[in-house]
Structure formats: structure tokens, C-alpha cells
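K.L.:
To be precise about what I am sending: the file is called structure.txt and holds compact mmCIF, C-alpha atoms and all ligand atoms.
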```txt
# COMPACT_ATOMS: atom_id res chain seq x y z
CA MET A 1 52.38 71.10 96.62
CA ASP A 2 54.83 72.42 94.02
CA ILE A 3 56.02 75.73 95.46
CA SER A 4 56.14 77.62 98.77
CA VAL A 5 57.03 81.28 98.42
CA VAL A 6 58.46 82.59 101.69
CA VAL A 7 58.42 86.37 102.10
CA PRO A 8 60.01 88.01 105.17
CA LEU A 9 58.64 91.49 105.68
CA TYR A 10 59.03 94.40 108.01
CA ASN A 11 56.78 97.43 107.46
CA GLU A 12 55.87 96.72 103.86
CA GLU A 13 52.12 97.47 103.93
CA GLU A 14 52.02 99.17 100.51
CA SER A 15 53.80 96.42 98.59
CA LEU A 16 51.94 93.34 99.82
CA PRO A 17 48.77 93.49 97.67
CA GLU A 18 50.77 94.02 94.47
CA LEU A 19 53.30 91.38 95.40
CA THR A 20 50.78 88.64 96.20
CA ASP A 21 48.79 89.52 93.08
CA TRP A 22 51.85 89.26 90.89
CA ILE A 23 52.90 85.92 92.41
CA ARG A 24 49.39 84.57 91.94
CA ARG A 25 49.34 85.56 88.25
CA VAL A 26 52.62 83.73 87.62
CA MET A 27 51.48 80.62 89.48
CA LEU A 28 48.14 80.41 87.67
CA LYS A 29 49.76 80.94 84.30
CA HIS A 30 52.07 77.96 84.85
CA GLY A 31 49.61 75.80 86.72
CA PHE A 32 51.68 75.47 89.90
CA SER A 33 50.08 74.45 93.18
CA TYR A 34 51.50 76.89 95.72
CA GLU A 35 51.34 78.76 99.00
CA ILE A 36 52.62 82.22 99.90
CA ILE A 37 53.99 82.42 103.42
CA LEU A 38 54.12 86.03 104.57
CA VAL A 39 56.23 86.36 107.72
CA ASP A 40 55.57 89.67 109.43
CA ASP A 41 58.75 90.39 111.34
CA GLY A 42 57.09 92.58 113.99
CA SER A 43 55.96 95.39 111.69
CA SER A 44 54.73 98.58 113.31
CA ASP A 45 52.70 99.67 110.27
CA LYS A 46 49.51 97.99 109.00
CA SER A 47 51.29 95.05 107.33
CA TRP A 48 49.51 92.44 109.48
CA LYS A 49 46.07 93.94 108.80
CA VAL A 50 46.85 93.84 105.11
CA ILE A 51 47.88 90.18 105.40
CA GLU A 52 44.62 89.32 107.19
CA GLU A 53 42.68 90.99 104.40
CA LEU A 54 44.69 89.32 101.66
CA ARG A 55 44.04 85.92 103.22
CA ARG A 56 40.28 86.39 103.11
CA GLY A 57 39.13 84.04 100.34
CA HIS A 58 42.72 83.10 99.56
CA GLU A 59 43.79 80.26 101.79
CA GLU A 60 46.99 79.81 99.81
CA ILE A 61 48.18 82.89 101.68
CA ILE A 62 49.58 82.02 105.09
CA GLY A 63 50.47 84.72 107.59
CA ILE A 64 52.89 84.41 110.49
CA LYS A 65 53.32 87.32 112.86
CA PHE A 66 56.24 87.87 115.22
CA ARG A 67 55.67 89.59 118.50
CA ARG A 68 58.57 91.92 117.78
CA ASN A 69 61.24 92.53 115.15
CA TYR A 70 63.58 89.52 115.24
CA GLY A 71 65.30 90.16 111.91
CA LYS A 72 65.19 88.76 108.41
CA SER A 73 66.98 85.51 109.32
CA ALA A 74 64.47 84.60 112.00
CA ALA A 75 61.61 85.41 109.64
CA LEU A 76 63.08 83.16 106.95
CA ASN A 77 63.64 80.38 109.45
CA VAL A 78 60.02 80.18 110.60
CA GLY A 79 58.91 80.49 106.99
CA PHE A 80 61.12 77.51 106.16
CA ASN A 81 59.70 75.51 109.03
CA ALA A 82 56.17 76.15 107.83
CA ALA A 83 56.83 75.54 104.11
CA GLU A 84 55.26 72.46 102.52
CA GLY A 85 56.15 72.90 98.85
CA GLU A 86 58.68 70.68 97.08
CA VAL A 87 60.48 73.82 95.98
CA VAL A 88 60.83 76.75 98.38
CA ILE A 89 61.37 80.21 96.96
CA THR A 90 62.36 83.22 99.03
CA MET A 91 61.68 86.74 97.90
CA ASP A 92 61.83 90.22 99.41
CA ALA A 93 58.50 91.93 99.97
CA ASP A 94 59.44 95.29 98.49
CA LEU A 95 58.84 94.44 94.80
CA GLN A 96 62.58 94.64 94.07
CA ASP A 97 62.54 90.92 93.16
CA SER A 98 60.45 89.68 90.27
CA PRO A 99 58.00 86.77 90.65
CA ASP A 100 58.44 86.28 86.88
CA GLU A 101 61.69 84.46 87.72
CA ILE A 102 59.83 81.71 89.60
CA PRO A 103 59.25 79.31 86.65
CA GLU A 104 62.94 79.21 85.71
CA LEU A 105 64.02 78.83 89.34
CA TYR A 106 61.57 75.93 89.70
CA ASP A 107 62.81 74.33 86.50
CA ARG A 108 66.42 74.41 87.67
CA ILE A 109 65.53 72.64 90.93
CA VAL A 110 63.16 70.06 89.52
CA ASN A 111 64.57 69.36 86.05
CA GLN A 112 68.22 70.25 86.47
CA GLN A 113 68.44 68.73 89.96
CA ALA A 114 69.94 71.82 91.58
CA ASP A 115 69.81 71.92 95.40
CA LEU A 116 69.85 75.69 95.56
CA VAL A 117 69.55 78.42 92.95
CA SER A 118 70.68 81.88 93.98
CA GLY A 119 69.62 85.01 92.11
CA TRP A 120 72.20 87.42 90.72
CA LYS A 121 71.07 91.03 90.47
CA GLN A 122 73.53 91.70 87.66
CA LYS A 123 71.93 95.09 86.98
CA ARG A 124 71.21 96.52 90.40
CA TYR A 125 69.04 99.47 91.20
CA ASP A 126 70.62 100.37 94.50
CA PRO A 127 72.88 103.31 95.45
CA LEU A 128 76.68 102.99 95.05
CA THR A 129 77.15 103.14 98.82
CA LYS A 130 75.50 99.75 98.83
CA THR A 131 76.74 98.13 95.65
CA ILE A 132 80.46 98.71 96.23
CA PRO A 133 80.66 97.20 99.74
CA THR A 134 78.45 94.40 98.41
CA LYS A 135 81.03 93.51 95.75
CA LEU A 136 83.72 93.33 98.42
CA PHE A 137 81.49 91.28 100.69
CA ASN A 138 80.78 88.81 97.89
CA ALA A 139 84.45 88.44 97.00
CA VAL A 140 85.39 87.68 100.62
CA THR A 141 82.49 85.25 101.02
CA ARG A 142 83.41 83.47 97.78
CA SER A 143 86.97 82.86 98.83
CA MET A 144 86.16 81.91 102.43
CA SER A 145 83.34 79.55 101.53
CA GLY A 146 84.84 78.02 98.40
CA ILE A 147 81.58 78.65 96.52
CA HIS A 148 83.16 80.28 93.50
CA ASN A 149 80.19 80.41 91.16
CA LEU A 150 78.03 82.90 93.11
CA HIS A 151 78.21 86.67 92.59
CA ASP A 152 75.41 87.74 94.89
CA PHE A 153 75.18 85.71 98.12
CA ASN A 154 72.70 88.07 99.74
CA CYS A 155 70.16 88.16 96.90
CA GLY A 156 66.71 87.83 98.47
CA LEU A 157 65.47 85.81 95.53
CA LYS A 158 66.50 82.18 95.86
CA ALA A 159 65.08 78.72 95.34
CA TYR A 160 65.72 75.59 97.37
CA ARG A 161 64.93 71.94 97.20
CA LYS A 162 62.73 71.24 100.22
CA ASP A 163 65.27 69.06 102.06
CA VAL A 164 67.86 71.86 101.90
CA ILE A 165 65.83 74.30 103.96
CA LYS A 166 64.70 71.56 106.33
CA SER A 167 68.35 70.74 107.09
CA ILE A 168 69.60 74.20 108.01
CA GLU A 169 68.87 76.73 110.75
CA VAL A 170 69.03 80.41 109.82
CA TYR A 171 69.55 82.71 112.80
CA GLY A 172 71.26 85.97 113.75
CA GLU A 173 72.31 87.61 110.49
CA MET A 174 72.87 84.34 108.67
CA HIS A 175 70.42 85.09 105.87
CA ARG A 176 73.41 86.47 103.97
CA TYR A 177 75.10 83.09 104.03
CA ILE A 178 72.40 80.55 103.31
CA PRO A 179 74.34 79.09 100.35
CA VAL A 180 77.31 78.62 102.69
CA LEU A 181 75.13 76.91 105.31
CA ALA A 182 73.68 74.69 102.57
CA LYS A 183 77.11 73.72 101.35
CA TRP A 184 78.20 72.83 104.87
CA ALA A 185 75.08 70.72 105.25
CA GLY A 186 76.30 68.73 102.25
CA PHE A 187 74.28 70.24 99.39
CA LYS A 188 76.73 70.82 96.59
CA LYS A 189 74.62 71.53 93.53
CA ILE A 190 74.46 75.30 93.84
CA GLN A 191 73.48 77.26 90.75
CA GLU A 192 73.14 80.91 89.90
CA GLN A 193 70.45 82.62 87.84
CA VAL A 194 70.66 86.18 86.56
CA VAL A 195 67.49 87.88 87.78
CA GLN A 196 65.65 91.08 87.09
CA HIS A 197 65.95 93.70 89.84
CA TYR A 198 63.82 96.79 90.36
CA PRO A 199 64.23 99.96 92.41
CA ARG A 200 62.34 99.89 95.72
CA LYS A 201 58.83 101.03 94.94
CA TYR A 202 57.48 101.88 98.38
CA GLY A 203 59.02 102.56 101.79
CA THR A 204 62.75 102.54 102.56
CA THR A 205 65.49 99.97 103.04
CA LYS A 206 65.46 98.27 106.43
CA PHE A 207 69.21 97.75 106.67
CA GLY A 208 71.60 100.58 107.58
CA PRO A 209 75.29 100.98 106.72
CA GLY A 210 76.30 98.88 109.74
CA ARG A 211 75.15 95.79 107.81
CA PHE A 212 78.56 95.12 106.31
CA ILE A 213 80.48 95.20 109.57
CA LYS A 214 77.92 92.90 111.12
CA GLY A 215 78.00 90.81 107.97
CA PHE A 216 81.74 90.40 108.16
CA LEU A 217 81.68 89.44 111.82
CA ASP A 218 78.99 86.91 110.97
CA LEU A 219 81.14 85.46 108.25
CA LEU A 220 83.99 84.98 110.71
CA SER A 221 81.63 83.50 113.24
CA ILE A 222 79.95 81.07 110.84
CA PHE A 223 83.33 80.07 109.51
CA PHE A 224 84.40 79.35 113.04
CA VAL A 225 81.13 77.76 114.10
CA GLY A 226 80.96 75.73 110.90
CA LYS A 227 84.40 74.30 111.52
CA PHE A 228 84.41 73.93 115.29
CA GLY A 229 80.88 74.76 116.45
CA LYS A 230 80.00 71.18 117.25
CA ARG A 231 83.31 70.45 118.98
CA PRO A 232 84.78 73.69 120.36
CA MET A 233 87.15 71.56 122.43
CA HIS A 234 88.91 70.55 119.23
CA PHE A 235 89.86 74.18 118.68
CA PHE A 236 90.50 75.53 122.18
CA GLY A 237 91.76 72.23 123.49
CA THR A 238 94.38 71.86 120.74
CA ILE A 239 95.87 75.32 121.18
CA GLY A 240 95.55 75.00 124.96
CA VAL A 241 97.40 71.68 125.14
CA LEU A 242 100.10 72.92 122.72
CA SER A 243 100.67 76.06 124.75
CA PHE A 244 100.77 74.03 127.97
CA LEU A 245 103.29 71.60 126.49
CA VAL A 246 105.56 74.40 125.27
CA GLY A 247 105.60 75.89 128.79
CA PHE A 248 106.07 72.49 130.38
CA PHE A 249 109.04 71.54 128.22
CA ILE A 250 110.74 74.90 128.72
CA THR A 251 110.43 74.43 132.50
CA CYS A 252 111.77 70.88 132.26
CA TYR A 253 114.68 72.15 130.20
CA LEU A 254 115.49 74.87 132.74
CA ILE A 255 115.37 72.41 135.64
CA PHE A 256 117.46 69.92 133.69
CA GLU A 257 120.01 72.65 132.94
CA LYS A 258 120.20 73.57 136.59
CA LEU A 259 120.65 69.94 137.72
CA MET A 260 123.39 69.47 135.15
CA SER A 261 125.27 72.52 136.33
CA ILE A 262 124.97 71.36 139.96
CA ALA A 263 126.30 67.94 138.94
CA ASN A 264 129.20 69.56 137.06
CA GLY A 265 129.91 71.81 139.98
CA SER A 266 129.84 74.79 137.61
CA ALA A 267 128.29 78.17 138.42
CA TYR A 268 124.56 78.20 137.87
CA ARG A 269 121.66 80.62 137.83
CA ASN A 270 118.46 80.11 139.71
CA VAL A 271 115.64 78.91 137.48
CA THR A 272 113.60 81.89 138.64
CA ASP A 273 116.30 84.30 137.47
CA GLN A 274 115.80 83.27 133.86
CA PRO A 275 113.33 85.27 131.71
CA LEU A 276 112.51 82.05 129.86
CA PHE A 277 111.03 80.69 133.08
CA TYR A 278 108.37 83.42 133.14
CA LEU A 279 107.57 82.82 129.50
CA SER A 280 106.98 79.17 130.28
CA LEU A 281 104.74 80.05 133.21
CA VAL A 282 102.63 82.29 130.97
CA ALA A 283 102.41 79.53 128.34
CA ILE A 284 101.24 77.01 130.97
CA LEU A 285 98.65 79.41 132.36
CA ILE A 286 97.32 80.41 128.93
CA GLY A 287 97.22 76.77 127.91
CA THR A 288 95.20 75.81 130.98
CA GLN A 289 92.84 78.74 130.44
CA LEU A 290 92.24 77.85 126.79
CA PHE A 291 91.59 74.26 127.69
CA LEU A 292 89.00 75.32 130.27
CA THR A 293 87.45 77.75 127.76
CA GLY A 294 87.09 74.82 125.37
CA PHE A 295 85.43 72.83 128.12
CA ILE A 296 82.94 75.61 128.85
CA ALA A 297 82.25 76.15 125.13
CA GLU A 298 81.57 72.43 124.85
CA LEU A 299 78.99 72.65 127.65
CA VAL A 300 77.41 75.78 126.16
CA SER A 301 77.20 74.38 122.64
CA ARG A 302 75.11 71.49 123.93
CA ASN A 303 72.55 73.94 125.25
CA ALA A 304 72.75 76.59 122.54
CA THR A 305 69.27 76.14 121.17
CA ASP A 306 67.88 79.32 122.65
CA ARG A 307 68.75 81.55 119.74
CA ASN A 308 66.46 79.50 117.52
CA LYS A 309 63.38 80.24 119.62
CA TYR A 310 60.96 82.85 118.38
CA HIS A 311 57.75 84.07 119.78
CA ILE A 312 55.08 83.75 117.19
CA GLU A 313 52.07 85.78 118.17
CA LYS A 314 49.67 84.58 115.50
CA MET A 315 49.45 82.27 112.56
CA ILE A 316 46.59 82.17 110.07
N1 LIG A 401 63.13 92.55 106.46
C1 LIG A 401 62.67 91.79 107.52
N2 LIG A 401 63.10 92.09 108.79
C2 LIG A 401 63.99 93.09 109.03
C3 LIG A 401 64.48 93.82 107.93
C4 LIG A 401 64.03 93.54 106.67
O1 LIG A 401 61.87 90.88 107.33
O2 LIG A 401 64.34 93.30 110.19
C5 LIG A 401 62.64 92.26 105.10
C6 LIG A 401 62.17 93.48 104.32
O3 LIG A 401 60.84 93.82 104.65
C7 LIG A 401 62.31 93.01 102.90
C8 LIG A 401 63.56 92.15 102.97
O4 LIG A 401 63.73 91.77 104.34
O5 LIG A 401 61.23 92.21 102.49
C9 LIG A 401 64.79 92.88 102.47
O6 LIG A 401 64.91 94.12 103.15
P1 LIG A 401 65.27 95.47 102.40
O7 LIG A 401 64.50 95.59 101.13
O8 LIG A 401 65.10 96.58 103.38
O9 LIG A 401 66.81 95.23 102.10
P2 LIG A 401 67.62 95.74 100.82
O10 LIG A 401 66.80 95.46 99.59
O11 LIG A 401 67.78 97.21 101.06
O12 LIG A 401 68.88 94.96 100.88
MG MG A 402 64.93 95.76 99.14
```
Do you think you could lay out the structure here as C-alpha cells?
P.N.:
Amino acid sequence: MDISVVVPLYNEEESLPELTDWIRRVMLKHGFSYEIILVDDGSSDKSWKVIEELRRGHEEIIGIKFRRNYGKSAALNVGFNAAEGEVVITMDADLQDSPDEIPELYDRIVNQQADLVSGWKQKRYDPLTKTIPTKLFNAVTRSMSGIHNLHDFNCGLKAYRKDVIKSIEVYGEMHRYIPVLAKWAGFKKIQEQVVQHYPRKYGTTKFGPGRFIKGFLDLLSIFFVGKFGKRPMHFFGTIGVLSFLVGFFITCYLIFEKLMSIANGSAYRNVTDQPLFYLSLVAILIGTQLFLTGFIAELVSRNATDRNKYHIEKMI
């Protein structure tokens, strides 16, 4: 199969018939073999009914329904797991992304050997309250990730070589950072494609203003997890041991100083009368605590698979 189109959706009943129709027209025109994976992220409207109807007579449409709203990342992740196409394309359900971009995205993956192609909504049809924080978000992400050629990390329209999506796990709010996850998984050929963007046709946006704070915390956490996630002991352990050693050497120095002054018969202060002594105690305690935290994080990270578990209610 040439292409899997993965569409995460939450309460998008009005858009789905138009969207699937439009995708189908593009696919037929270019002769692609394809599937459309519609992941219903626990919608409370009639989205799932619409999907069931759309599938009737169209087995290229696959529906996956979550038991509740798990978020866009979770929806993308199960879509990725189900995808069978050589090229996987993600697209929002709200008709803001254009299926007409699919042929060029496909070409870049297959003929230009890109691992990932990310859309750039150069001309956006979103309110300023969204576009300005987005610019800031992208600038921070660019500098922290070292992926300097992307302007629009969070663009819903992206294309991946199959092995890219099979090598990464998207959870929490990570859908904003898939190019970063891909880079960390070793996929370096990341391209950008300027894409058409439309105003939302039906319904309303599903993400509130809190998205950017959450997004920033996620960036910090994936930066941290990406660097130390597999071996938290390397992070906590290093600072812990350093702190411990600082405290230990200060104590040794104080004791040494006291012994010297006893030996010289000169006046001396008790070790416990010196403020430095308390500093060293704190350093030893903090060091031990950090070391133990690293140990616990190490244990937890070996069992941290829970967040990747979803409850799929139905699949057709
Ligand atoms: N979405 C989702 N789960 C959620 C929120 C959103 O699957 O919890 C889907 C939504 O239906 C749409 C896409 O993610 O297909 C992008 O959402 P939206 O259009 O609301 O975001 P915006 O365009 O405002 O950034
Ligand atoms: Mg949208």
C-alpha cells in the first residue's frame, strides 16, 4: 500500500464526509493505493456514526474509536500503529489542511528520500492570539531541538516514511514535537513543505489558551527525557555524587584543620561551631537524596509503559 492517511478527530461530525471525499478524489487522480484511518478520540457528537456510515462500501476507510478523550497524541499513536502504507500522512479533520498537498508530500518521501516532511502554514487563517505564541513556541523548539529548518512544528499536516512512525511513541502532548522525536530516533532527513491552510469550516478549535504553557512544559520534559529518560541515574546520580563529595571534602577539611590546631597546641574552634560544617551536612544530605531519587527514577523508567496504553472500544 502506498499511503496511509491518519486523521485524529474529536467532535468533527460535519467535516468527515467532505474530508474523506476530498482525500479519495486526490488518491484516485494519482492512482495511489491507500487507506484512511479515522481515529475518533472519544467524540461526544455523532462522529463515530458518521465513520460507520462512511465505511459502508468503502473498506479503505478504517475507524478506531477511543472509549474516552485521550488527546491528539494518543489518537495519532494508535493511528500510527495501525498504518500499513509505505508513506504515512497525518492531517487534521477540520478541513484546515488540504489533501491536495498529498502528492508532493509523497514525492518528497519516496523520490527525495526524506524521512519526514512537515507542513508550513505560511499563510495562516487563525486568530493572532494563536499565531503570535505559535511563533515564539517554534523559535524555542528550533533552538532547543537543533532542527533549524522547520517553521511550524505543530502543523497537523505531515508525511513520514513508515519506519519513522514505527520507531517512535507519541504520548501526552508530544504531537507538537514529532519531528524532535524523529530526530532523536536517528531520522535526520527532515524537510519542510509550504502548505495551503484554510479557516476552520465547522465546529470550534479543541485546544484552549493553556496549550502553550503545557507545550512548553512538554518541551522541557521531552528534552530531559530524551537526554536522560533511559538512564535517569546518569543525571540524578551525577549531581548527587558531586554534591555528596563537596560536603564530604569540606567535612574532611574541617576535621583536618581541627587536628592540626590540636597538634600545634593553638586555640581551635569546635567543628560544629563553624557555619561551613552545616553547609557540608546539607550538601551530603542533598547528594544522598538525589542519588536515591535517581535510583527510584531508574526503577520507574523500567516500568513506565502505562502511559502508552489506550482503551480502544471498537475498530472497524
Ligand atoms: N483533536 C483530537 N483530540 C483532541 C483535540 C483535538 O483528536 O483532544 C483533533 C481535532 O479534531 C483536529 C485536530 O486534532 O482534527 C486538530 O485540532 P484543532 O483543529 O482543534 O486544533 P487547531 O487547528 O485549533 O490547532
Ligand atoms: Mg484546526
K.L.:
Contacts of Glu52 of chain A at 10 Å or less, counting all atoms listed in the file, minus same-chain residues fewer than 5 places along, as a list in words?
P.N.:
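Residues near the query, excluding close chain neighbours: Ser47, Ile61, Ile62, Gly63 and Ile316 of chain A.
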K.L.:
Please extract the residues at most 9 Å from ligand LIG 401 (chain A), counting all atoms listed in the file, and provide them as an MDAnalysis selection string, using the chain letters and residue numbers of this document.
P.N.:
chainID A and resid 7:12 39:43 69:76 91:97 126 130 154:156 199:200 203:208
K.L.:
Which is closer to ligand MG 402 (chain A) than all the others in A:Val164, A:Val88, A:Leu157, A:Leu38, using only C-alpha atoms and all ligand atoms?
P.N.:
A:Leu157
K.L.:
Would you mind listing, for every residue of segment 259-307 of chain A within 8 Å of segment 235-248 of chain A, the two atoms forming the shortest contact and the distance between them in Å to one decimal, using only C-alpha atoms, sorted by chain and ascending residue number, as JSON lines?
P.N.:
```
{"residue": "A:Leu279", "atom": "CA", "partner": "A:Gly247", "partner_atom": "CA", "distance": 7.2}
{"residue": "A:Ser280", "atom": "CA", "partner": "A:Gly247", "partner_atom": "CA", "distance": 3.9}
{"residue": "A:Leu281", "atom": "CA", "partner": "A:Gly247", "partner_atom": "CA", "distance": 6.1}
{"residue": "A:Val282", "atom": "CA", "partner": "A:Gly247", "partner_atom": "CA", "distance": 7.4}
{"residue": "A:Ala283", "atom": "CA", "partner": "A:Gly247", "partner_atom": "CA", "distance": 4.9}
{"residue": "A:Ile284", "atom": "CA", "partner": "A:Phe244", "partner_atom": "CA", "distance": 4.3}
{"residue": "A:Leu285", "atom": "CA", "partner": "A:Phe244", "partner_atom": "CA", "distance": 7.3}
{"residue": "A:Ile286", "atom": "CA", "partner": "A:Ser243", "partner_atom": "CA", "distance": 6.9}
{"residue": "A:Gly287", "atom": "CA", "partner": "A:Gly240", "partner_atom": "CA", "distance": 3.8}
{"residue": "A:Thr288", "atom": "CA", "partner": "A:Gly240", "partner_atom": "CA", "distance": 6.1}
{"residue": "A:Gln289", "atom": "CA", "partner": "A:Gly240", "partner_atom": "CA", "distance": 7.2}
{"residue": "A:Leu290", "atom": "CA", "partner": "A:Gly240", "partner_atom": "CA", "distance": 4.7}
{"residue": "A:Phe291", "atom": "CA", "partner": "A:Gly237", "partner_atom": "CA", "distance": 4.7}
{"residue": "A:Leu292", "atom": "CA", "partner": "A:Gly237", "partner_atom": "CA", "distance": 7.9}
{"residue": "A:Thr293", "atom": "CA", "partner": "A:Phe236", "partner_atom": "CA", "distance": 6.7}
{"residue": "A:Gly294", "atom": "CA", "partner": "A:Phe236", "partner_atom": "CA", "distance": 4.7}
{"residue": "A:Phe295", "atom": "CA", "partner": "A:Gly237", "partner_atom": "CA", "distance": 7.9}
```
K.L.:
For the point (84.4, 84.1, 106.1) in the file's frame, write as a VMD selection string all residues with an atom no more than 7 Å away, counting all atoms listed in the file.
P.N.:
chain A and resid 140 to 141 144 to 145 219 to 220 223
K.L.:
Between atom CA of Leu105 of chain A and atom CA of Ile3 of chain A, what is the distance in Å, rounded to a tenth?
P.N.:
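These atoms are spaced 10.5 Å apart.
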K.L.:
With distances taken over only C-alpha atoms, which of A:Ile296, A:Val195, A:Ala159, A:Leu19 is nearest to Trp120 of chain A?
P.N.:
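Checking each candidate against Trp120 of chain A, we get A:Val195 as the closest.
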K.L.:
Please compute the atom CA of Phe249 of chain A-atom CA of Ser261 of chain A distance, one decimal, in Å.
P.N.:
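Computing it gives 18.2 Å between the two atoms.
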K.L.:
Which residues are near Arg142 of chain A? Cut-off 10 Å, only C-alpha atoms, ignore same chain within fewer than 5 positions. Put them as a list of chain:residue names.
P.N.:
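The residues satisfying every condition are A:Leu136, A:Phe137, A:Ile147, A:His148, A:Asn149, A:Leu150, A:His151, A:Asp152, A:Phe153, A:Val180.
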K.L.:
How many Å separate atom CA of Lys121 of chain A from atom CA of Ile64 of chain A?
P.N.:
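These two atoms are separated by 27.8 Å.
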K.L.:
Need the shell around Ala114 of chain A: protein/DNA/RNA residues with any atom at most 8 Å away, counting all atoms listed in the file. Skip same-chain ones fewer than 5 positions apart. Format as a list in words?
P.N.:
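With the cut-off at 8 Å, the set is Arg108, Ile109, Arg161, Lys189, Ile190 and Gln191 of chain A.
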K.L.:
So which one's closest to Glu18 of chain A, A:Ser4, A:Tyr202, A:Ala139, A:Glu35? Using all atoms listed in the file, please.
P.N.:
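Checking each candidate against Glu18 of chain A, we get A:Tyr202 as the closest.
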K.L.:
Go through A:Ile132, A:Ala83, A:Met174, A:Ile168 and flag the residue nearest Pro209 of chain A, using only C-alpha atoms for the distances.
P.N.:
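Smallest separation from Pro209 of chain A among the options: A:Ile132.
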K.L.:
Which of these, A:Lys214, A:His234, A:Lys258, A:Lys183, has the shortest distance to Leu116 of chain A once you count only C-alpha atoms?
P.N.:
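Checking each of A:Lys214, A:His234, A:Lys258, A:Lys183 against Leu116 of chain A, counting only C-alpha atoms, the winner is A:Lys183.
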K.L.:
Calculated over only C-alpha atoms and all ligand atoms, which of the candidates A:Gly57, A:Arg124, A:Asn81, A:Ala297 has the smallest distance to ligand MG 402 (chain A)?
P.N.:
A:Arg124
K.L.:
Determine, counting all atoms listed in the file, every residue of protein, DNA or RNA that lies within 8 Å of (52.4, 70.2, 99.3) in the file coordinates, then give the result as a PyMOL selection string.
P.N.:
chain A and resi 1-3+33-34+84-86
K.L.:
Using the partial input, fill out segment 175-190 of chain A with N, CA and C atoms; write the result as an mmCIF file, in the coordinates of the input.
P.N.:
```
data_model
loop_
_atom_site.group_PDB
_atom_site.id
_atom_site.type_symbol
_atom_site.label_atom_id
_atom_site.label_comp_id
_atom_site.auth_asym_id
_atom_site.auth_seq_id
_atom_site.Cartn_x
_atom_site.Cartn_y
_atom_site.Cartn_z
ATOM 1 N N HIS A 175 71.112 85.146 107.160
ATOM 2 C CA HIS A 175 70.420 85.090 105.870
ATOM 3 C C HIS A 175 71.348 85.446 104.721
ATOM 4 N N ARG A 176 72.452 86.126 105.031
ATOM 5 C CA ARG A 176 73.410 86.470 103.970
ATOM 6 C C ARG A 176 74.236 85.283 103.530
ATOM 7 N N TYR A 177 74.199 84.211 104.304
ATOM 8 C CA TYR A 177 75.100 83.090 104.030
ATOM 9 C C TYR A 177 74.388 81.769 103.818
ATOM 10 N N ILE A 178 73.115 81.819 103.421
ATOM 11 C CA ILE A 178 72.400 80.550 103.310
ATOM 12 C C ILE A 178 73.094 79.570 102.354
ATOM 13 N N PRO A 179 73.639 80.061 101.216
ATOM 14 C CA PRO A 179 74.340 79.090 100.350
ATOM 15 C C PRO A 179 75.526 78.428 101.076
ATOM 16 N N VAL A 180 76.180 79.196 101.959
ATOM 17 C CA VAL A 180 77.310 78.620 102.690
ATOM 18 C C VAL A 180 76.811 77.560 103.672
ATOM 19 N N LEU A 181 75.705 77.887 104.378
ATOM 20 C CA LEU A 181 75.130 76.910 105.310
ATOM 21 C C LEU A 181 74.721 75.648 104.564
ATOM 22 N N ALA A 182 74.139 75.844 103.367
ATOM 23 C CA ALA A 182 73.680 74.690 102.570
ATOM 24 C C ALA A 182 74.868 73.833 102.163
ATOM 25 N N LYS A 183 75.932 74.487 101.773
ATOM 26 C CA LYS A 183 77.110 73.720 101.350
ATOM 27 C C LYS A 183 77.664 72.910 102.524
ATOM 28 N N TRP A 184 77.698 73.540 103.692
ATOM 29 C CA TRP A 184 78.200 72.830 104.870
ATOM 30 C C TRP A 184 77.292 71.682 105.282
ATOM 31 N N ALA A 185 75.998 71.818 104.921
ATOM 32 C CA ALA A 185 75.080 70.720 105.250
ATOM 33 C C ALA A 185 75.186 69.606 104.208
ATOM 34 N N GLY A 186 76.053 69.814 103.213
ATOM 35 C CA GLY A 186 76.300 68.730 102.250
ATOM 36 C C GLY A 186 75.609 68.894 100.905
ATOM 37 N N PHE A 187 74.957 70.039 100.676
ATOM 38 C CA PHE A 187 74.280 70.240 99.390
ATOM 39 C C PHE A 187 75.210 70.991 98.439
ATOM 40 N N LYS A 188 75.649 70.273 97.413
ATOM 41 C CA LYS A 188 76.730 70.820 96.590
ATOM 42 C C LYS A 188 76.252 71.427 95.288
ATOM 43 N N LYS A 189 75.031 71.054 94.854
ATOM 44 C CA LYS A 189 74.620 71.530 93.530
ATOM 45 C C LYS A 189 73.996 72.928 93.646
ATOM 46 N N ILE A 190 74.882 73.915 93.659
ATOM 47 C CA ILE A 190 74.460 75.300 93.840
ATOM 48 C C ILE A 190 74.587 76.024 92.500
#
```
